[in-house]
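File shown: structure_23.cif. Contents: mmCIF, C-alpha atoms.
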data_structure
#
loop_
_atom_site.group_PDB
_atom_site.id
_atom_site.type_symbol
_atom_site.label_atom_id
_atom_site.label_comp_id
_atom_site.auth_asym_id
_atom_site.auth_seq_id
_atom_site.Cartn_x
_atom_site.Cartn_y
_atom_site.Cartn_z
ATOM 1 C CA MET A 1 144.701 74.649 38.528
ATOM 2 C CA THR A 2 144.788 70.859 38.901
ATOM 3 C CA PRO A 3 145.004 69.729 42.529
ATOM 4 C CA THR A 4 147.998 67.641 43.565
ATOM 5 C CA PRO A 5 147.064 63.993 44.195
ATOM 6 C CA LEU A 6 146.995 63.108 47.867
ATOM 7 C CA HIS A 7 149.549 60.840 49.503
ATOM 8 C CA TRP A 8 147.836 57.926 51.270
ATOM 9 C CA LYS A 9 148.485 54.642 53.057
ATOM 10 C CA LEU A 10 146.210 51.736 53.868
ATOM 11 C CA VAL A 11 145.869 51.299 57.648
ATOM 12 C CA ILE A 12 144.910 47.847 58.899
ATOM 13 C CA ASP A 13 143.889 47.044 62.482
ATOM 14 C CA ALA A 14 145.846 44.175 64.000
ATOM 15 C CA ALA A 15 146.296 42.248 67.223
ATOM 16 C CA ASP A 16 150.009 41.868 66.394
ATOM 17 C CA PRO A 17 151.169 44.567 63.965
ATOM 18 C CA HIS A 18 154.701 43.149 63.701
ATOM 19 C CA ALA A 19 153.566 39.634 62.764
ATOM 20 C CA GLN A 20 151.140 41.123 60.242
ATOM 21 C CA ALA A 21 153.930 43.292 58.805
ATOM 22 C CA ASP A 22 156.158 40.237 58.439
ATOM 23 C CA PHE A 23 153.372 38.298 56.695
ATOM 24 C CA TRP A 24 152.439 41.090 54.280
ATOM 25 C CA ALA A 25 156.059 42.037 53.565
ATOM 26 C CA ALA A 26 156.674 38.428 52.507
ATOM 27 C CA ALA A 27 153.331 38.157 50.684
ATOM 28 C CA LEU A 28 153.842 41.330 48.625
ATOM 29 C CA HIS A 29 157.657 41.248 48.415
ATOM 30 C CA TYR A 30 157.645 44.555 50.316
ATOM 31 C CA GLU A 31 160.041 45.724 53.041
ATOM 32 C CA PRO A 32 159.213 46.385 56.691
ATOM 33 C CA GLU A 33 159.909 50.040 57.390
ATOM 34 C CA ASP A 34 162.918 50.790 59.571
ATOM 35 C CA ASN A 35 161.875 53.582 61.942
ATOM 36 C CA SER A 36 164.654 52.762 64.424
ATOM 37 C CA ALA A 37 166.462 56.119 64.062
ATOM 38 C CA LEU A 38 163.219 57.997 64.773
ATOM 39 C CA VAL A 39 162.317 55.688 67.673
ATOM 40 C CA GLN A 40 165.801 56.107 69.172
ATOM 41 C CA GLN A 41 165.624 59.890 68.773
ATOM 42 C CA LEU A 42 162.217 60.022 70.498
ATOM 43 C CA LEU A 43 163.479 57.792 73.318
ATOM 44 C CA GLU A 44 166.530 59.997 73.869
ATOM 45 C CA MET A 45 164.354 63.147 73.933
ATOM 46 C CA GLY A 46 162.050 61.545 76.495
ATOM 47 C CA ALA A 47 159.142 61.966 74.068
ATOM 48 C CA LEU A 48 158.533 58.200 73.863
ATOM 49 C CA PRO A 49 158.531 55.849 76.862
ATOM 50 C CA ALA A 50 160.525 52.635 76.530
ATOM 51 C CA ALA A 51 157.278 50.702 77.138
ATOM 52 C CA ALA A 52 155.984 52.054 73.805
ATOM 53 C CA THR A 53 158.765 50.254 71.921
ATOM 54 C CA VAL A 54 159.721 46.669 71.054
ATOM 55 C CA ASP A 55 162.681 44.972 69.453
ATOM 56 C CA PHE A 56 161.771 44.142 65.848
ATOM 57 C CA HIS A 57 164.397 42.166 63.958
ATOM 58 C CA GLY A 58 167.150 43.536 66.173
ATOM 59 C CA ARG A 59 166.179 47.193 66.052
ATOM 60 C CA PRO A 60 163.894 49.424 68.146
ATOM 61 C CA ALA A 61 160.391 49.874 66.745
ATOM 62 C CA PHE A 62 157.076 51.333 67.825
ATOM 63 C CA ARG A 63 155.145 48.776 69.896
ATOM 64 C CA ASP A 64 151.738 49.516 68.370
ATOM 65 C CA LEU A 65 152.602 50.359 64.740
ATOM 66 C CA MET A 66 154.529 48.695 61.938
ATOM 67 C CA ALA A 67 154.426 49.470 58.241
ATOM 68 C CA VAL A 68 155.648 47.796 55.076
ATOM 69 C CA ARG A 69 156.498 49.607 51.868
ATOM 70 C CA HIS A 70 157.232 48.866 48.237
ATOM 71 C CA PRO A 71 161.028 48.540 47.932
ATOM 72 C CA ASP A 72 161.215 50.770 44.837
ATOM 73 C CA ASP A 73 159.217 53.668 46.297
ATOM 74 C CA PRO A 74 160.817 56.704 47.931
ATOM 75 C CA TYR A 75 161.025 56.970 51.699
ATOM 76 C CA ASP A 76 162.065 59.523 54.315
ATOM 77 C CA LYS A 77 165.588 58.417 55.222
ATOM 78 C CA ASP A 78 165.500 60.227 58.591
ATOM 79 C CA ARG A 79 162.206 58.699 59.734
ATOM 80 C CA GLY A 80 162.230 55.461 57.725
ATOM 81 C CA THR A 81 158.675 56.194 56.602
ATOM 82 C CA GLY A 82 157.605 55.201 53.101
ATOM 83 C CA LEU A 83 156.380 57.923 50.762
ATOM 84 C CA GLY A 84 154.686 55.620 48.279
ATOM 85 C CA ARG A 85 152.783 52.346 48.362
ATOM 86 C CA ARG A 86 152.561 51.159 51.966
ATOM 87 C CA LEU A 87 150.472 49.286 54.500
ATOM 88 C CA LEU A 88 150.440 50.381 58.149
ATOM 89 C CA PHE A 89 149.379 47.890 60.809
ATOM 90 C CA GLN A 90 148.101 49.384 64.054
ATOM 91 C CA ARG A 91 147.459 47.475 67.277
ATOM 92 C CA VAL A 92 143.835 47.417 68.415
ATOM 93 C CA PRO A 93 142.437 45.554 71.436
ATOM 94 C CA GLU A 94 139.388 44.010 69.791
ATOM 95 C CA PRO A 95 139.550 41.026 67.413
ATOM 96 C CA LYS A 96 138.254 41.118 63.857
ATOM 97 C CA SER A 97 134.544 40.347 64.023
ATOM 98 C CA THR A 98 132.987 40.728 60.556
ATOM 99 C CA LYS A 99 133.846 40.657 56.866
ATOM 100 C CA ASN A 100 136.269 43.303 55.623
ATOM 101 C CA ARG A 101 134.720 46.277 53.849
ATOM 102 C CA LEU A 102 138.023 46.785 52.020
ATOM 103 C CA HIS A 103 140.528 44.170 50.879
ATOM 104 C CA LEU A 104 143.604 43.663 48.729
ATOM 105 C CA ASP A 105 143.539 41.792 45.428
ATOM 106 C CA LEU A 106 146.839 40.189 44.468
ATOM 107 C CA HIS A 107 147.382 39.579 40.755
ATOM 108 C CA PRO A 108 150.082 37.004 40.027
ATOM 109 C CA GLY A 109 148.245 36.059 36.813
ATOM 110 C CA PRO A 110 146.187 32.954 36.022
ATOM 111 C CA ASP A 111 149.256 30.831 35.191
ATOM 112 C CA HIS A 112 150.779 31.573 38.606
ATOM 113 C CA ARG A 113 147.651 31.719 40.790
ATOM 114 C CA GLU A 114 147.917 28.250 42.326
ATOM 115 C CA ALA A 115 151.633 28.578 43.054
ATOM 116 C CA GLU A 116 150.983 31.925 44.719
ATOM 117 C CA VAL A 117 148.128 30.485 46.797
ATOM 118 C CA GLU A 118 150.461 27.701 47.917
ATOM 119 C CA ARG A 119 153.230 30.191 48.766
ATOM 120 C CA LEU A 120 150.853 32.388 50.751
ATOM 121 C CA THR A 121 149.522 29.344 52.603
ATOM 122 C CA THR A 122 153.053 28.461 53.702
ATOM 123 C CA LEU A 123 153.383 32.038 55.024
ATOM 124 C CA GLY A 124 150.305 31.553 57.230
ATOM 125 C CA ALA A 125 147.344 32.453 54.995
ATOM 126 C CA SER A 126 144.285 30.218 54.650
ATOM 127 C CA VAL A 127 142.012 29.514 51.688
ATOM 128 C CA LEU A 128 138.382 30.492 52.357
ATOM 129 C CA ARG A 129 136.941 29.564 48.974
ATOM 130 C CA ARG A 130 137.630 29.326 45.261
ATOM 131 C CA VAL A 131 135.425 31.395 42.988
ATOM 132 C CA THR A 132 134.675 30.876 39.305
ATOM 133 C CA GLU A 133 132.201 33.300 37.743
ATOM 134 C CA PRO A 134 131.650 34.786 34.305
ATOM 135 C CA ALA A 135 133.680 37.784 35.538
ATOM 136 C CA GLY A 136 136.709 35.641 36.340
ATOM 137 C CA THR A 137 138.366 33.160 38.654
ATOM 138 C CA TRP A 138 140.056 33.924 41.972
ATOM 139 C CA VAL A 139 140.809 32.497 45.397
ATOM 140 C CA VAL A 140 139.527 34.193 48.553
ATOM 141 C CA MET A 141 142.069 33.858 51.346
ATOM 142 C CA THR A 142 142.643 35.190 54.858
ATOM 143 C CA ASP A 143 145.860 36.465 56.380
ATOM 144 C CA PRO A 144 147.010 35.119 59.780
ATOM 145 C CA GLU A 145 144.547 37.408 61.618
ATOM 146 C CA GLY A 146 141.564 36.540 59.419
ATOM 147 C CA ASN A 147 141.540 39.564 57.075
ATOM 148 C CA GLU A 148 140.217 38.577 53.651
ATOM 149 C CA PHE A 149 142.122 39.130 50.430
ATOM 150 C CA CYS A 150 141.906 37.677 46.929
ATOM 151 C CA VAL A 151 144.403 36.074 44.585
ATOM 152 C CA ALA A 152 143.270 36.526 41.006
#

What's the structure tokens form of this structure?
Amino acid sequence: MTPTPLHWKLVIDAADPHAQADFWAAALHYEPEDNSALVQQLLEMGALPAAATVDFHGRPAFRDLMAVRHPDDPYDKDRGTGLGRRLLFQRVPEPKSTKNRLHLDLHPGPDHREAEVERLTTLGASVLRRVTEPAGTWVVMTDPEGNEFCVA
């Protein structure tokens, strides 16, 4: 019997999960998840204190978590949680201190690389370096909190 593939998400530590979600939603053309119905339900049940919530784009959201998901992937309509490709940003107290051990590679294609780098820069990313090797050419960038990613 072949095992069923596991569902997964990439969790990224952040000082400001909502700002990171906005950046990465724009960078990837993803959508911020709308967990407002779940948050409201938990508030009404007394299972979530109001201090654990924030207003995010006019709707209640978890203060310490925000996810973005691919707009074409399925999601739980009651919880607003993506069931496919997604990034979850979680608030942590400590700042990023070393190089990522895991990073995203964005692939707009060589003819669109520079335009994409420019677009990402206007969203708040920074260029760390440009790399040309026998294996290929890419641009190493950082998101607004300093997490590295590549544009190939």

Residue nearest Ala26 of chain A among A:Leu104, A:Lys99, A:Leu83, A:His70 (counting all atoms listed in the file):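 When distances to Ala26 of chain A are compared using all atoms listed in the file, the smallest one comes from A:His70.
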
Spatial neighbours of Phe23 of chain A, max dist 10 Å, all atoms listed in the file, sep filter under 6 positions, as an MDAnalysis selection string: chainID A and resid 17 29:30 32 68 120 123:125 143:144

Hits of the PyMOL selection byres ((chain A and resi 9) around 6) in this structure, as a ChimeraX atom specification: /A:8,10,86-87

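When only C-alpha atoms are used to compute distances to Gly136 of chain A, the closest of the residues A:Leu102, A:Leu48, A:Asp22, A:Gly109 turns out to be A:Gly109.
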
Can you list, as a PDB file with C-alpha atoms, in the coordinates of the input, every protein, DNA or RNA residue that comes within 8 Å of Pro60 of chain A when you count all atoms listed in the file, leaving out same-chain residues fewer than 6 positions away?
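Written file, selection.pdb:
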ATOM      1  CA  ASN A  35     161.875  53.582  61.942  1.00  0.00           C
ATOM      2  CA  SER A  36     164.654  52.762  64.424  1.00  0.00           C
ATOM      3  CA  VAL A  39     162.317  55.688  67.673  1.00  0.00           C
ATOM      4  CA  GLN A  40     165.801  56.107  69.172  1.00  0.00           C
ATOM      5  CA  THR A  53     158.765  50.254  71.921  1.00  0.00           C
ATOM      6  CA  VAL A  54     159.721  46.669  71.054  1.00  0.00           C
TER       7      VAL A  54
END

All residues 12 Å or closer to Pro74 of chain A, only C-alpha atoms, same chain fewer than 3 positions away omitted, as a PyMOL selection string: chain A and resi 33+69-71+77+80-86

Close residues, Leu128 of chain A itself excluded, 9 Å, all atoms listed in the file, min 3 positions apart in chain, as a CSV table (one decimal) with C-alpha atoms, in the frame of the given file:
chain,number,residue,atom,x,y,z
A,139,VAL,CA,140.8,32.5,45.4
A,140,VAL,CA,139.5,34.2,48.6
A,141,MET,CA,142.1,33.9,51.3
A,142,THR,CA,142.6,35.2,54.9
A,148,GLU,CA,140.2,38.6,53.7

Atomic separation - atom CA of Phe62 of chain A relative to atom CA of Glu94 of chain A, Å: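 Straight-line distance from atom CA of Glu94 of chain A to atom CA of Phe62 of chain A works out to 19.2 Å.
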
Rebuild segment 58-76 of chain A so that it carries N, CA, C and O atoms, then output the result as a tab-separated table (two decimals), in the frame of the given file.
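Below is the file result-v2.tsv, written as the result:
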chain	number	residue	atom	x	y	z
A	58	GLY	N	165.90	42.99	65.68
A	58	GLY	CA	167.15	43.54	66.17
A	58	GLY	C	167.25	45.05	66.19
A	58	GLY	O	168.34	45.59	66.39
A	59	ARG	N	166.14	45.73	66.01
A	59	ARG	CA	166.18	47.19	66.05
A	59	ARG	C	164.95	47.71	66.80
A	59	ARG	O	163.90	47.04	66.81
A	60	PRO	N	165.06	48.89	67.43
A	60	PRO	CA	163.89	49.42	68.15
A	60	PRO	C	162.79	49.83	67.17
A	60	PRO	O	163.06	50.36	66.09
A	61	ALA	N	161.56	49.55	67.58
A	61	ALA	CA	160.39	49.87	66.74
A	61	ALA	C	159.25	50.32	67.66
A	61	ALA	O	159.26	50.05	68.86
A	62	PHE	N	158.28	50.97	67.08
A	62	PHE	CA	157.08	51.33	67.82
A	62	PHE	C	156.33	50.05	68.20
A	62	PHE	O	156.19	49.15	67.38
A	63	ARG	N	155.84	49.97	69.42
A	63	ARG	CA	155.15	48.78	69.90
A	63	ARG	C	153.82	48.57	69.17
A	63	ARG	O	153.44	47.43	68.88
A	64	ASP	N	153.11	49.64	68.87
A	64	ASP	CA	151.74	49.52	68.37
A	64	ASP	C	151.57	49.80	66.88
A	64	ASP	O	150.46	49.79	66.38
A	65	LEU	N	152.67	50.04	66.17
A	65	LEU	CA	152.60	50.36	64.74
A	65	LEU	C	153.76	49.70	64.00
A	65	LEU	O	154.88	49.69	64.49
A	66	MET	N	153.46	49.18	62.82
A	66	MET	CA	154.53	48.70	61.94
A	66	MET	C	154.01	48.78	60.52
A	66	MET	O	152.88	48.37	60.23
A	67	ALA	N	154.83	49.31	59.64
A	67	ALA	CA	154.43	49.47	58.24
A	67	ALA	C	155.37	48.69	57.32
A	67	ALA	O	156.51	48.40	57.68
A	68	VAL	N	154.85	48.38	56.14
A	68	VAL	CA	155.65	47.80	55.08
A	68	VAL	C	155.48	48.68	53.85
A	68	VAL	O	154.44	49.31	53.67
A	69	ARG	N	156.54	48.73	53.04
A	69	ARG	CA	156.50	49.61	51.87
A	69	ARG	C	157.09	48.89	50.66
A	69	ARG	O	157.87	47.96	50.78
A	70	HIS	N	156.69	49.37	49.49
A	70	HIS	CA	157.23	48.87	48.24
A	70	HIS	C	158.71	49.23	48.19
A	70	HIS	O	159.09	50.38	48.45
A	71	PRO	N	159.59	48.27	47.89
A	71	PRO	CA	161.03	48.54	47.93
A	71	PRO	C	161.53	49.56	46.92
A	71	PRO	O	162.59	50.15	47.12
A	72	ASP	N	160.78	49.81	45.85
A	72	ASP	CA	161.22	50.77	44.84
A	72	ASP	C	160.70	52.19	45.08
A	72	ASP	O	161.10	53.11	44.38
A	73	ASP	N	159.80	52.35	46.05
A	73	ASP	CA	159.22	53.67	46.30
A	73	ASP	C	160.12	54.51	47.19
A	73	ASP	O	160.90	53.97	47.99
A	74	PRO	N	160.00	55.83	47.08
A	74	PRO	CA	160.82	56.70	47.93
A	74	PRO	C	160.40	56.58	49.40
A	74	PRO	O	159.29	56.15	49.70
A	75	TYR	N	161.33	56.96	50.27
A	75	TYR	CA	161.02	56.97	51.70
A	75	TYR	C	161.85	58.05	52.38
A	75	TYR	O	162.89	58.48	51.87
A	76	ASP	N	161.38	58.52	53.51
A	76	ASP	CA	162.06	59.52	54.32
A	76	ASP	C	163.21	58.82	55.04
A	76	ASP	O	162.98	58.02	55.93
